[in-house]
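Participant: File entry.txt below, compact mmCIF, C-alpha atoms:
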```txt
# COMPACT_ATOMS: atom_id res chain seq x y z
CA MET S 1389 -37.48 212.47 121.26
CA ARG S 1390 -35.34 212.18 118.18
CA ASP S 1391 -31.76 213.18 118.27
CA ILE S 1392 -29.74 215.86 116.63
CA VAL S 1393 -26.97 214.49 114.50
CA MET S 1394 -23.99 216.54 113.40
CA LYS S 1395 -22.17 215.81 110.17
CA ARG S 1396 -18.65 217.18 109.93
CA PRO S 1397 -17.51 217.03 106.32
CA GLU S 1398 -13.77 217.70 105.99
CA ASN S 1399 -13.68 218.50 102.28
CA LEU S 1400 -15.93 219.73 99.46
CA GLU S 1401 -16.60 216.22 98.24
CA ALA S 1402 -17.93 215.18 101.64
CA LEU S 1403 -19.99 218.39 101.79
CA VAL S 1404 -21.66 217.56 98.46
CA GLU S 1405 -22.31 214.06 99.76
CA ALA S 1406 -23.93 215.52 102.89
CA LEU S 1407 -25.99 217.96 100.79
CA SER S 1408 -27.26 215.14 98.59
CA SER S 1409 -29.37 213.70 101.40
CA VAL S 1410 -31.06 216.62 103.11
CA ASN S 1411 -34.57 217.24 104.39
CA ASP S 1412 -36.56 220.01 106.11
CA THR S 1413 -34.71 219.56 109.36
CA THR S 1414 -31.20 219.89 107.93
CA TYR S 1415 -29.30 222.95 109.09
CA LEU S 1416 -26.00 224.34 107.85
CA LEU S 1417 -23.64 225.52 110.55
CA GLY S 1418 -20.93 228.16 110.17
CA GLY S 1419 -19.47 229.72 113.30
CA GLY S 1420 -22.76 229.17 115.07
CA THR S 1421 -23.08 232.56 116.76
CA ASP S 1422 -26.55 233.11 115.27
CA PHE S 1423 -27.52 229.45 114.91
CA MET S 1424 -26.96 228.75 118.60
CA ILE S 1425 -29.53 231.41 119.54
CA LYS S 1426 -32.03 230.01 117.01
CA LEU S 1427 -31.46 226.46 118.15
CA ARG S 1428 -32.54 227.43 121.65
CA LYS S 1429 -35.21 229.98 120.73
CA HIS S 1430 -36.99 227.72 118.25
CA ARG S 1431 -36.47 224.67 120.47
CA ILE S 1432 -34.95 222.54 117.76
CA TYR S 1433 -34.61 219.05 119.18
CA SER S 1434 -34.14 216.90 116.14
CA GLY S 1435 -32.56 217.01 112.73
CA THR S 1436 -29.17 217.06 111.10
CA ILE S 1437 -26.60 219.81 111.43
CA ILE S 1438 -23.97 220.00 108.70
CA ASN S 1439 -20.97 221.71 110.26
CA LEU S 1440 -19.00 223.53 107.54
CA THR S 1441 -16.19 224.81 109.72
CA GLN S 1442 -13.95 221.77 109.38
CA ILE S 1443 -13.72 222.15 105.59
CA LYS S 1444 -10.29 223.75 105.55
CA GLU S 1445 -10.38 224.29 101.77
CA LEU S 1446 -13.18 226.83 102.33
CA ASN S 1447 -11.00 229.06 104.50
CA TYR S 1448 -9.06 231.51 102.32
CA ILE S 1449 -8.76 235.03 100.99
CA LEU S 1450 -7.01 235.39 97.64
CA ARG S 1451 -6.93 237.37 94.42
CA GLU S 1452 -7.60 235.57 91.16
CA LYS S 1453 -7.40 237.79 88.09
CA ASP S 1454 -9.82 240.66 88.63
CA ARG S 1455 -11.65 239.22 91.63
CA ILE S 1456 -11.03 238.81 95.35
CA LYS S 1457 -12.27 235.44 96.57
CA ILE S 1458 -13.24 234.69 100.13
CA GLY S 1459 -13.92 231.13 101.30
CA ALA S 1460 -17.26 230.59 103.03
CA ILE S 1461 -15.94 229.79 106.49
CA THR S 1462 -13.46 232.67 106.66
CA THR S 1463 -14.05 234.49 109.95
CA PHE S 1464 -14.55 238.20 110.52
CA THR S 1465 -11.27 238.37 112.42
CA GLU S 1466 -9.49 237.03 109.34
CA ILE S 1467 -11.35 239.33 106.94
CA ALA S 1468 -10.93 242.49 109.04
CA SER S 1469 -7.16 242.23 109.11
CA HIS S 1470 -6.40 240.83 105.66
CA PRO S 1471 -4.26 243.09 103.43
CA LEU S 1472 -6.17 242.19 100.22
CA ILE S 1473 -9.50 243.09 101.81
CA LYS S 1474 -8.12 246.32 103.24
CA GLN S 1475 -6.72 247.26 99.87
CA TYR S 1476 -9.57 246.29 97.55
CA ALA S 1477 -12.64 246.07 99.79
CA ASN S 1478 -11.96 248.43 102.64
CA CYS S 1479 -15.63 248.83 103.56
CA LEU S 1480 -15.85 245.07 104.07
CA ALA S 1481 -12.77 245.09 106.32
CA GLU S 1482 -14.34 247.91 108.35
CA ALA S 1483 -17.71 246.14 108.55
CA ALA S 1484 -16.13 242.83 109.62
CA ASP S 1485 -14.14 244.73 112.21
CA LYS S 1486 -17.32 246.17 113.73
CA VAL S 1487 -19.30 242.93 114.01
CA GLY S 1488 -20.03 241.82 117.57
CA SER S 1489 -17.00 241.47 119.81
CA THR S 1490 -13.55 239.90 119.53
CA GLN S 1491 -15.07 236.60 120.70
CA ILE S 1492 -17.77 236.68 118.03
CA ARG S 1493 -15.46 237.84 115.22
CA ASN S 1494 -13.16 234.92 116.04
CA VAL S 1495 -15.79 232.35 115.06
CA ALA S 1496 -18.53 234.03 113.00
CA THR S 1497 -18.21 233.43 109.25
CA ILE S 1498 -18.96 235.55 106.20
CA ALA S 1499 -21.23 232.92 104.60
CA GLY S 1500 -23.15 232.62 107.87
CA ASN S 1501 -23.76 236.36 107.94
CA ILE S 1502 -25.18 236.21 104.41
CA ALA S 1503 -27.30 233.07 104.83
CA ASN S 1504 -28.70 234.29 108.13
CA ALA S 1505 -29.96 237.35 106.22
CA ALA S 1506 -30.53 239.61 109.19
CA PRO S 1507 -31.68 243.11 108.07
CA CYS S 1508 -28.87 244.59 110.16
CA ALA S 1509 -26.05 242.26 109.01
CA ASP S 1510 -23.01 244.52 108.75
CA THR S 1511 -21.05 242.70 106.07
CA VAL S 1512 -24.09 242.36 103.79
CA THR S 1513 -24.35 246.14 103.43
CA ALA S 1514 -20.65 246.29 102.53
CA LEU S 1515 -20.88 243.37 100.08
CA MET S 1516 -23.79 245.10 98.38
CA VAL S 1517 -21.79 248.19 97.36
CA LEU S 1518 -18.90 245.96 96.30
CA ASP S 1519 -21.21 244.12 93.86
CA ALA S 1520 -20.23 240.82 95.44
CA LYS S 1521 -21.34 237.54 93.93
CA ILE S 1522 -22.18 234.48 95.97
CA LYS S 1523 -21.00 231.06 94.80
CA ILE S 1524 -23.24 228.19 95.75
CA ILE S 1525 -22.81 224.43 95.51
CA ASP S 1526 -25.62 221.88 95.60
CA GLY S 1527 -26.05 218.22 96.42
CA ASN S 1528 -25.19 217.26 92.84
CA GLY S 1529 -21.88 219.05 93.09
CA GLU S 1530 -23.02 221.77 90.68
CA THR S 1531 -21.99 225.35 91.35
CA ARG S 1532 -23.54 228.65 90.35
CA GLU S 1533 -22.98 232.34 91.07
CA LYS S 1534 -25.78 234.59 92.27
CA SER S 1535 -26.01 238.24 93.20
CA LEU S 1536 -26.60 239.22 96.81
CA ASP S 1537 -30.10 240.41 95.90
CA GLU S 1538 -30.92 237.01 94.45
CA VAL S 1539 -29.74 235.22 97.61
CA ILE S 1540 -31.20 237.54 100.27
CA ILE S 1541 -34.86 238.36 99.72
CA GLY S 1542 -36.06 239.62 103.07
CA SER S 1543 -35.60 239.68 106.82
CA GLU S 1544 -34.02 236.31 107.67
CA ARG S 1545 -35.16 235.01 104.28
CA ASN S 1546 -32.82 233.61 101.67
CA THR S 1547 -33.43 231.71 98.46
CA LEU S 1548 -31.00 228.90 99.22
CA GLU S 1549 -32.47 225.46 98.72
CA LYS S 1550 -32.00 222.92 101.49
CA ASN S 1551 -29.40 221.11 99.39
CA GLU S 1552 -27.40 224.26 98.65
CA ALA S 1553 -24.52 225.84 100.54
CA ILE S 1554 -22.59 229.05 100.03
CA ILE S 1555 -18.97 228.18 99.35
CA GLU S 1556 -17.38 231.43 98.19
CA ILE S 1557 -17.83 235.21 98.04
CA LEU S 1558 -16.42 236.99 94.96
CA ILE S 1559 -15.64 240.68 94.86
CA PRO S 1560 -14.65 242.46 91.63
CA VAL S 1561 -11.46 244.49 91.93
CA ILE S 1562 -11.86 248.18 91.13
CA GLU S 1563 -8.67 249.48 89.52
CA LYS S 1564 -9.76 253.10 89.16
CA LYS S 1565 -9.10 255.82 91.69
CA SER S 1566 -11.62 255.00 94.39
CA LYS S 1567 -12.37 254.83 98.07
CA SER S 1568 -14.76 252.86 100.26
CA ALA S 1569 -15.89 252.98 103.88
CA PHE S 1570 -18.43 251.56 106.33
CA ALA S 1571 -20.09 253.05 109.40
CA LYS S 1572 -22.69 251.81 111.84
CA LEU S 1573 -24.79 252.97 114.69
CA GLY S 1574 -25.93 250.83 117.60
CA SER S 1575 -26.88 251.13 121.22
CA ARG S 1576 -23.37 250.51 122.49
CA THR S 1577 -19.96 250.68 120.88
CA ALA S 1578 -19.24 246.96 120.89
CA VAL S 1579 -21.33 243.80 120.67
CA THR S 1580 -24.03 245.87 119.11
CA ILE S 1581 -26.69 245.10 116.58
CA SER S 1582 -26.77 247.86 113.99
CA LYS S 1583 -29.73 250.20 114.24
CA LEU S 1584 -28.41 251.68 111.03
CA ASN S 1585 -25.41 250.95 108.88
CA ILE S 1586 -24.00 252.37 105.68
CA ALA S 1587 -21.39 251.34 103.14
CA VAL S 1588 -20.08 253.54 100.34
CA VAL S 1589 -17.80 253.01 97.33
CA LEU S 1590 -16.77 256.08 95.37
CA GLU S 1591 -14.85 256.25 92.11
CA TYR S 1592 -13.23 259.49 91.03
CA ASP S 1593 -12.44 260.94 87.63
CA GLN S 1594 -9.30 262.88 86.60
CA GLU S 1595 -10.61 266.10 88.17
CA ASN S 1596 -11.33 264.35 91.49
CA SER S 1597 -15.07 264.52 90.98
CA ILE S 1598 -17.15 261.56 92.04
CA HIS S 1599 -18.03 259.84 88.79
CA GLN S 1600 -19.54 256.72 90.31
CA ALA S 1601 -21.13 256.34 93.76
CA LYS S 1602 -22.50 253.22 95.34
CA VAL S 1603 -24.29 253.61 98.64
CA ALA S 1604 -26.06 250.85 100.58
CA LEU S 1605 -28.00 251.13 103.81
CA GLY S 1606 -28.78 248.36 106.31
CA ALA S 1607 -31.39 248.03 109.09
CA LEU S 1608 -33.66 250.44 107.24
CA GLY S 1609 -35.99 247.77 105.91
CA PRO S 1610 -36.23 243.98 105.66
CA LYS S 1611 -32.88 243.83 103.86
CA ALA S 1612 -29.97 246.05 102.96
CA PHE S 1613 -30.48 248.00 99.74
CA LYS S 1614 -28.75 250.46 97.44
CA SER S 1615 -30.01 254.00 97.71
CA ASP S 1616 -30.55 255.85 94.43
CA ILE S 1617 -31.38 259.02 96.33
CA VAL S 1618 -28.05 259.13 98.13
CA GLU S 1619 -26.02 257.95 95.13
CA LYS S 1620 -27.48 260.76 92.99
CA ALA S 1621 -26.63 263.31 95.67
CA LEU S 1622 -22.97 262.36 95.45
CA LEU S 1623 -22.57 261.98 91.69
CA GLY S 1624 -20.47 264.58 89.94
CA LYS S 1625 -19.55 266.27 93.23
CA LYS S 1626 -16.12 267.08 94.57
CA PRO S 1627 -15.22 266.03 98.11
CA VAL S 1628 -15.61 269.44 99.75
CA GLU S 1629 -17.07 270.24 103.14
CA SER S 1630 -20.46 271.45 101.86
CA LEU S 1631 -21.06 267.96 100.49
CA LEU S 1632 -21.69 266.71 104.05
CA LEU S 1633 -24.89 268.75 104.26
CA GLU S 1634 -26.07 267.38 100.94
CA LEU S 1635 -25.28 263.85 102.08
CA GLN S 1636 -27.25 264.36 105.29
CA GLU S 1637 -30.24 265.76 103.39
CA ALA S 1638 -30.22 262.84 100.98
CA LEU S 1639 -29.96 260.29 103.78
CA MET S 1640 -32.89 261.86 105.64
CA GLU S 1641 -34.90 261.79 102.43
CA GLN S 1642 -34.09 258.08 102.10
CA VAL S 1643 -35.19 257.42 105.70
CA ASP S 1644 -38.49 259.18 104.94
CA ALA S 1645 -38.94 257.13 101.79
CA SER S 1646 -38.16 253.85 103.56
CA ILE S 1647 -39.79 253.90 106.98
CA LEU S 1648 -42.14 256.90 107.25
CA GLY S 1649 -44.85 256.09 109.80
CA ARG S 1650 -42.78 253.45 111.57
CA GLY S 1651 -42.06 253.90 115.29
CA SER S 1652 -38.34 254.05 114.61
CA HIS S 1653 -38.68 256.79 111.96
CA PRO S 1654 -38.12 259.91 114.13
CA TYR S 1655 -35.07 258.34 115.78
CA LYS S 1656 -33.51 257.05 112.59
CA ARG S 1657 -34.14 260.32 110.73
CA ASP S 1658 -32.21 262.14 113.41
CA ALA S 1659 -29.56 259.49 113.95
CA ILE S 1660 -28.65 259.14 110.29
CA GLN S 1661 -27.13 262.61 110.37
CA GLY S 1662 -24.55 261.36 112.84
CA LEU S 1663 -23.93 258.35 110.64
CA ALA S 1664 -23.41 260.76 107.72
CA ASP S 1665 -20.76 262.54 109.78
CA ASP S 1666 -18.95 259.27 110.44
CA ILE S 1667 -18.94 258.02 106.87
CA PHE S 1668 -18.06 261.46 105.48
CA TYR S 1669 -15.07 261.68 107.78
CA LYS S 1670 -13.93 258.19 106.79
CA LEU S 1671 -14.30 258.88 103.08
CA PHE S 1672 -12.84 262.33 102.86
CA ALA S 1673 -10.76 263.05 105.97
CA SER S 1674 -7.50 262.08 104.35
CA THR S 1675 -6.69 264.59 101.64
CA SER S 1676 -5.04 261.92 99.59
CA ILE S 1677 -7.81 260.00 97.90
CA GLY S 1678 -6.32 256.57 97.48
CA GLY S 1679 -5.86 254.50 94.36
CA GLU S 1680 -7.82 251.51 95.58
CA VAL S 1681 -11.01 250.89 97.48
CA MET F 710 -21.72 211.97 119.43
CA LEU F 711 -18.03 211.60 120.04
CA LEU F 712 -16.02 214.67 120.98
CA GLU F 713 -12.24 214.50 121.16
CA PHE F 714 -10.44 217.58 122.32
CA ILE F 715 -7.74 218.90 124.61
CA VAL F 716 -8.73 220.95 127.62
CA ASN F 717 -6.07 222.67 129.69
CA GLY F 718 -3.42 220.34 128.29
CA ARG F 719 -5.35 217.10 128.92
CA GLY F 720 -6.90 215.01 126.16
CA HIS F 721 -10.57 214.04 126.55
CA LYS F 722 -12.82 211.65 124.66
CA LEU F 723 -16.46 212.24 125.52
CA GLU F 724 -19.87 211.21 124.30
CA VAL F 725 -21.89 214.44 124.04
CA ASP F 726 -25.32 215.56 122.85
CA ALA F 727 -24.88 217.36 119.50
CA ARG F 728 -27.02 220.20 120.91
CA ALA F 729 -24.77 220.71 123.93
CA ARG F 730 -22.91 223.95 124.16
CA LEU F 731 -19.19 223.90 124.81
CA LEU F 732 -20.01 225.81 128.01
CA ASP F 733 -22.23 222.96 129.26
CA VAL F 734 -19.67 220.28 128.48
CA LEU F 735 -16.90 222.19 130.26
CA ARG F 736 -19.01 222.82 133.35
CA ASP F 737 -21.15 219.71 133.62
CA LYS F 738 -19.07 216.96 132.06
CA LEU F 739 -15.59 218.13 133.03
CA GLY F 740 -16.50 219.96 136.25
CA LEU F 741 -14.66 223.09 135.13
CA THR F 742 -17.09 225.51 136.74
CA GLY F 743 -14.71 228.48 136.59
CA THR F 744 -16.28 229.31 133.23
CA LYS F 745 -19.54 231.15 133.95
CA GLU F 746 -22.79 231.48 132.09
CA GLY F 747 -24.13 235.02 131.97
CA CYS F 748 -26.46 236.09 129.17
CA GLY F 749 -26.20 232.91 127.11
CA GLU F 750 -26.24 234.89 123.88
CA GLY F 751 -22.80 236.35 123.34
CA GLU F 752 -23.36 239.77 124.89
CA CYS F 753 -21.58 239.52 128.23
CA GLY F 754 -18.44 237.42 127.74
CA ALA F 755 -18.66 235.66 131.13
CA CYS F 756 -18.26 232.31 129.37
CA THR F 757 -15.13 233.31 127.41
CA VAL F 758 -12.58 230.53 126.89
CA ILE F 759 -9.64 230.22 124.49
CA ILE F 760 -9.87 227.86 121.49
CA ASN F 761 -6.69 227.35 119.47
CA GLY F 762 -5.35 230.65 120.80
CA LEU F 763 -8.50 232.72 120.16
CA ALA F 764 -11.01 234.04 122.70
CA ILE F 765 -14.55 232.83 122.01
CA ASN F 766 -17.92 232.71 123.77
CA SER F 767 -18.40 229.11 124.89
CA CYS F 768 -22.18 229.68 125.04
CA LEU F 769 -22.25 230.23 121.26
CA VAL F 770 -20.25 227.18 120.24
CA LEU F 771 -21.73 223.72 119.94
CA ALA F 772 -19.55 221.23 121.78
CA PRO F 773 -18.93 219.10 118.65
CA GLN F 774 -17.48 222.19 116.94
CA ALA F 775 -14.60 221.94 119.42
CA ASN F 776 -13.63 218.55 118.03
CA GLY F 777 -9.86 218.31 117.56
CA LYS F 778 -9.29 221.70 119.13
CA GLU F 779 -7.29 222.89 122.09
CA ILE F 780 -9.23 224.68 124.82
CA LEU F 781 -7.92 226.79 127.68
CA THR F 782 -10.22 227.73 130.56
CA VAL F 783 -9.55 229.95 133.57
CA GLU F 784 -8.48 226.84 135.49
CA SER F 785 -5.39 226.62 133.28
CA LEU F 786 -3.97 229.91 134.52
CA GLU F 787 -2.86 228.72 137.94
CA GLN F 788 0.17 226.44 137.72
CA ASP F 789 1.49 224.41 140.68
CA GLY F 790 -0.37 226.53 143.20
CA GLU F 791 1.00 229.75 141.70
CA LEU F 792 -1.40 232.27 140.24
CA ASP F 793 -0.73 233.52 136.72
CA ARG F 794 0.78 237.02 136.64
CA LEU F 795 -2.45 238.24 135.10
CA GLN F 796 -4.51 236.87 138.01
CA ARG F 797 -2.07 238.39 140.51
CA ALA F 798 -2.30 241.76 138.74
CA PHE F 799 -6.13 241.62 138.82
CA ILE F 800 -6.04 241.10 142.58
CA ASP F 801 -3.37 243.74 143.21
CA ASN F 802 -5.26 246.34 141.19
CA GLY F 803 -8.72 245.71 142.61
CA ALA F 804 -9.87 244.48 139.21
CA VAL F 805 -11.97 241.78 140.91
CA GLN F 806 -15.02 242.95 142.77
CA CYS F 807 -18.08 240.70 142.63
CA GLY F 808 -15.95 238.38 140.53
CA TYR F 809 -18.56 237.00 138.17
CA CYS F 810 -17.05 238.47 135.01
CA THR F 811 -13.50 237.72 136.13
CA PRO F 812 -12.93 234.28 134.52
CA GLY F 813 -14.15 235.55 131.15
CA MET F 814 -12.28 238.83 131.53
CA LEU F 815 -9.06 236.95 132.38
CA MET F 816 -9.39 234.69 129.35
CA SER F 817 -10.02 237.61 126.96
CA CYS F 818 -6.93 239.35 128.36
CA LYS F 819 -4.90 236.13 128.28
CA ALA F 820 -5.80 235.58 124.60
CA LEU F 821 -4.72 239.15 123.85
CA LEU F 822 -1.37 238.72 125.61
CA MET F 823 -0.76 235.38 123.88
CA GLN F 824 -1.11 237.11 120.50
CA ASN F 825 0.31 240.46 121.37
CA PRO F 826 2.57 240.71 124.44
CA ASN F 827 2.77 244.51 124.18
CA PRO F 828 -0.77 245.79 123.60
CA THR F 829 -1.65 249.47 123.76
CA GLU F 830 -4.41 250.66 126.07
CA GLU F 831 -6.70 250.85 123.05
CA GLU F 832 -5.91 247.26 122.14
CA ILE F 833 -6.60 246.14 125.72
CA ARG F 834 -9.96 247.93 125.72
CA ARG F 835 -10.85 246.40 122.38
CA ALA F 836 -9.94 242.90 123.60
CA ILE F 837 -12.41 243.21 126.48
CA GLU F 838 -15.18 245.03 124.63
CA GLY F 839 -17.13 241.78 124.56
CA ASN F 840 -16.88 241.38 128.34
CA LEU F 841 -19.32 243.19 130.59
CA CYS F 842 -18.29 244.22 134.11
CA ARG F 843 -20.81 246.11 136.22
CA CYS F 844 -18.50 246.67 139.22
CA THR F 845 -15.09 247.98 138.28
CA GLY F 846 -15.83 250.44 135.51
CA TYR F 847 -13.08 248.61 133.56
CA THR F 848 -10.38 251.10 134.58
CA LYS F 849 -8.85 248.75 137.12
CA ILE F 850 -8.98 245.83 134.72
CA VAL F 851 -7.14 247.82 132.06
CA ARG F 852 -4.64 248.94 134.71
CA ALA F 853 -4.03 245.30 135.72
CA VAL F 854 -3.29 244.23 132.14
CA LYS F 855 -1.01 247.23 131.64
CA GLU F 856 0.90 246.27 134.77
CA VAL F 857 1.55 242.79 133.35
CA VAL F 858 2.71 244.34 130.07
CA GLU F 859 5.03 246.77 131.82
CA GLU F 860 6.54 244.10 134.11
CA LYS F 861 8.19 242.51 131.10
```
What would you get if you wrote out this structure as structure tokens?

Facilitator:
Amino acid sequence: MRDIVMKRPENLEALVEALSSVNDTTYLLGGGTDFMIKLRKHRIYSGTIINLTQIKELNYILREKDRIKIGAITTFTEIASHPLIKQYANCLAEAADKVGSTQIRNVATIAGNIANAAPCADTVTALMVLDAKIKIIDGNGETREKSLDEVIIGSERNTLEKNEAIIEILIPVIEKKSKSAFAKLGSRTAVTISKLNIAVVLEYDQENSIHQAKVALGALGPKAFKSDIVEKALLGKKPVESLLLELQEALMEQVDASILGRGSHPYKRDAIQGLADDIFYKLFASTSIGGEV
Amino acid sequence: MLLEFIVNGRGHKLEVDARARLLDVLRDKLGLTGTKEGCGEGECGACTVIINGLAINSCLVLAPQANGKEILTVESLEQDGELDRLQRAFIDNGAVQCGYCTPGMLMSCKALLMQNPNPTEEEIRRAIEGNLCRCTGYTKIVRAVKEVVEEK
């Protein structure tokens, strides 16, 4: 039996060095809350684990010009409570706050959630409506930015090469009058895997009509996606009570379009109405529609 | 591989398998069997310990990830034969029944009180949302933590 070796780079330079000599049995480790399960389930007995969590320079949340930048190993606990995230990416703060339990949020990382590419990953749905970009570094030390759709291509499938690692998440700052929120539905309140989740970013015009709507849904297919159907239903509307019914109709239509014929279809078609309630309340309950997302 | 960390105030230098979970090292190598294994996948919280002041599931952390960190297990609560106030409050309030979840429950509550000495009931409930208890219905556990908060 061969051994498992763990590399623990302490800076970016050492990470690049580690990435320059990878093979099929090299694994990148964030917080480990998903990896640990895979390690046991897939009976991985040999290979190299590159542990990213000791690279302190990858743990940050800051604003640089018109973008919020989040270091790869930043945990959900840190994201959920950070003032910049709450101000400019509220749906991400809410999503991070709803992942797992306190114990899981204390170690699980944002880059891990993306790379793991679970169809139900809560922060991925939020990052999708925020038009987040993913910064990647490879074993030659070269970096590039990709969209979320380029990185995640299916259920637990990403396009990262073995010698690539996510090092940063970038979120454009919306300066216009806007609001964002996240809601999820699972089998229990905490430590739950989303059966459905939704993230919404709305921008308003001078008359308080919705002039841009971004809506993403998770756990309704192999990966989270933006829903044209629901976005169209919100465009040009004012946040009045009758809009809830329209939102529910549009969401049910999207469920039909996505998973008709699947065993989970009747449940999700029904359940998404409750999810509509939750997100509607979060988006519109306060009469003052804030200046930032 | 080499693991250097501090557990309950004592420094340790151990040779561990890179696949070993922190839970296994604590129980099998250090004999700290107060930390329990329940589900082994982060649902139940029985294996909760504190790392650098934060509650975590020791079944979901590889032992080498704890390198250079400071760990507190349930064994750290009792000092010189005296139970921690939190442990005393659990007993006084009937918050321990079968007892299996208790070490994890105590460590989640301890981590909360270390960060926030005056939590609200909502904050207490949130701190233990990752800990399952099938006996007490949680009410007595919440009452025990509140008692510690109010004693101050």

Participant: Would you give me, as a ChimeraX atom specification, the residues of chain F that come within 10 Å of chain S, using all atoms listed in the file?

Facilitator: /F:710,726-730,749-754,757-760,763-771,773-774,776-777,817,821,835-840

Participant: Nearest to F:Met814: which of F:Leu741, F:Leu841, F:Ala772, F:Leu712 is it, counting all atoms listed in the file?

Facilitator: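 The closest residue to F:Met814 is F:Leu841.
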
Participant: Residues near stretch 853-856 of chain F, anyone? I mean within 12 Å using only C-alpha atoms, not counting same-chain ones fewer than 3 positions away, as a PyMOL selection string.

Facilitator: chain F and resi 793-805+814-822+825-834+836-837+845+847-850+859-861

Participant: Tell me which protein, DNA and RNA residues are within 8 Å of stretch 1526-1533 of chain S, counting all atoms listed in the file, leaving out same-chain ones fewer than 3 positions away, and put them as a PDB file with C-alpha atoms, in the coordinates of the input.

Facilitator:
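Final file, result_28.pdb:
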```pdb
ATOM      1  CA  GLU S1401     -16.600 216.220  98.240  1.00  0.00           C
ATOM      2  CA  VAL S1404     -21.660 217.560  98.460  1.00  0.00           C
ATOM      3  CA  GLU S1405     -22.310 214.060  99.760  1.00  0.00           C
ATOM      4  CA  ALA S1406     -23.930 215.520 102.890  1.00  0.00           C
ATOM      5  CA  LEU S1407     -25.990 217.960 100.790  1.00  0.00           C
ATOM      6  CA  SER S1408     -27.260 215.140  98.590  1.00  0.00           C
ATOM      7  CA  SER S1409     -29.370 213.700 101.400  1.00  0.00           C
ATOM      8  CA  LYS S1521     -21.340 237.540  93.930  1.00  0.00           C
ATOM      9  CA  ILE S1522     -22.180 234.480  95.970  1.00  0.00           C
ATOM     10  CA  LYS S1523     -21.000 231.060  94.800  1.00  0.00           C
ATOM     11  CA  ASN S1551     -29.400 221.110  99.390  1.00  0.00           C
ATOM     12  CA  GLU S1552     -27.400 224.260  98.650  1.00  0.00           C
ATOM     13  CA  ALA S1553     -24.520 225.840 100.540  1.00  0.00           C
TER      14      ALA S1553
END
```

Participant: Can you work out the spacing between atom CA of F:Gly743 and atom CA of F:Leu792 in Å, to one decimal?

Facilitator: 14.3 Å

Participant: Restricting the calculation to all atoms listed in the file: of S:Ile1443, S:Val1643, S:Val1589, S:Ile1581, which residue gets closest to S:Leu1623?

Facilitator: S:Val1589
